[in-house]
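Trainee: Below are the structure tokens for one structure; questions will follow.
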Amino acid sequence: MQVKINPQLNPLNKQAQSSEKNIPPKKKNDGGFTLVELTIVLMIITILSAIALPSFMDCSLKARQSEGKQYLSSMNRAQQAYFADKGAFSNSLTALGLGIKTQTINYNYSTLSTKNAAFSYAVSSNKTKILTSYVGAVFLVPVSPEANNEKTTVSILCAANSPGKTQPPNPILQNGDPVCADGTESLTK
């Protein structure tokens, strides 16, 4: 079967053929990004970084400071156990048997004891970010006002009010209760 061309449509066919010649060829999509798209992505990354970075830095600081709190809590408990076993407090971290180093990246650790108390220190040693220093204490107190020779131990953990590389002042005993000294605040409840 043969198709007949309608003579009336002939001018329209010629017009359509000429307009097809004027259409520019399609550009091949190479999969790249435009400058506007890259700028928008960079702006989004910058905004997210500005929000997330301070939060991340705060978490990092808290993690470093938790080392000092954890070590001093362990030292306080070890002093209490040492006293229960030996009848005296220890002046040596090694004697407490905790395996705590006297110096880490974040803190310098030490302990000092008297006949009725033991003090443990975590003093900031960090070179880049000065951390809060801590002091812990274990006191020997009477079990009750009526008990003559029966004694027990009570402990406290204090944090310096501001970051620094100085040893915080020792807690004191007031009416049988341990209290943080001026310039420090209690972390135990």
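Chains: A, B, ... in order of the structure tokens. Residues: from 1 per chain. Ligands: from 1, in order shown.
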Enumerate, as a ChimeraX atom specification, the complete set of residues in segment 13-137 of chain A that a backbone-based DSSP assignment places in alpha helix (DSSP H).
Mentor: /A:13-22,35-86,93-96
Trainee: Can you list, as a list in words, every residue of segment 76-143 of chain A that DSSP puts in strand (DSSP E)?
Mentor: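 Taking segment 76-143 of chain A and keeping strand (DSSP E) only, one gets Tyr107, Asn108, Tyr109, Ser110, Thr111, Leu112, Ser113, Ala117, Ala118, Phe119, Ser120, Tyr121, Ala122, Val123, Ser124, Tyr134, Val135, Gly136, Ala137, Val138, Phe139, Leu140, Val141 and Pro142 of chain A.
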Trainee: For the residues in that selection, give me C-alpha atoms as a tab-separated table (two decimals), in the first residue's frame.
Mentor:
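New file part26.tsv:
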chain	number	residue	atom	x	y	z
A	107	TYR	CA	46.38	15.61	84.62
A	108	ASN	CA	49.11	15.23	87.24
A	109	TYR	CA	47.97	12.98	90.11
A	110	SER	CA	49.25	12.91	93.67
A	111	THR	CA	48.15	12.00	97.16
A	112	LEU	CA	49.00	13.27	100.64
A	113	SER	CA	47.91	11.81	103.93
A	117	ALA	CA	42.76	12.41	106.42
A	118	ALA	CA	43.98	11.60	102.92
A	119	PHE	CA	43.91	14.11	100.06
A	120	SER	CA	44.12	13.24	96.38
A	121	TYR	CA	44.80	15.73	93.60
A	122	ALA	CA	44.19	15.92	89.86
A	123	VAL	CA	45.90	19.09	88.62
A	124	SER	CA	45.54	20.09	84.97
A	134	TYR	CA	40.06	18.47	91.29
A	135	VAL	CA	40.74	17.49	94.90
A	136	GLY	CA	39.37	14.50	96.77
A	137	ALA	CA	39.49	13.83	100.50
A	138	VAL	CA	38.83	10.96	102.88
A	139	PHE	CA	38.38	11.87	106.53
A	140	LEU	CA	38.44	9.67	109.60
A	141	VAL	CA	35.41	10.48	111.80
A	142	PRO	CA	33.76	8.92	114.87
Trainee: Which residue, A:Val179, A:Thr153, A:Pro163, A:Leu38, has the smallest gap to Gly87 of chain A when you use only C-alpha atoms?
Mentor: A:Thr153
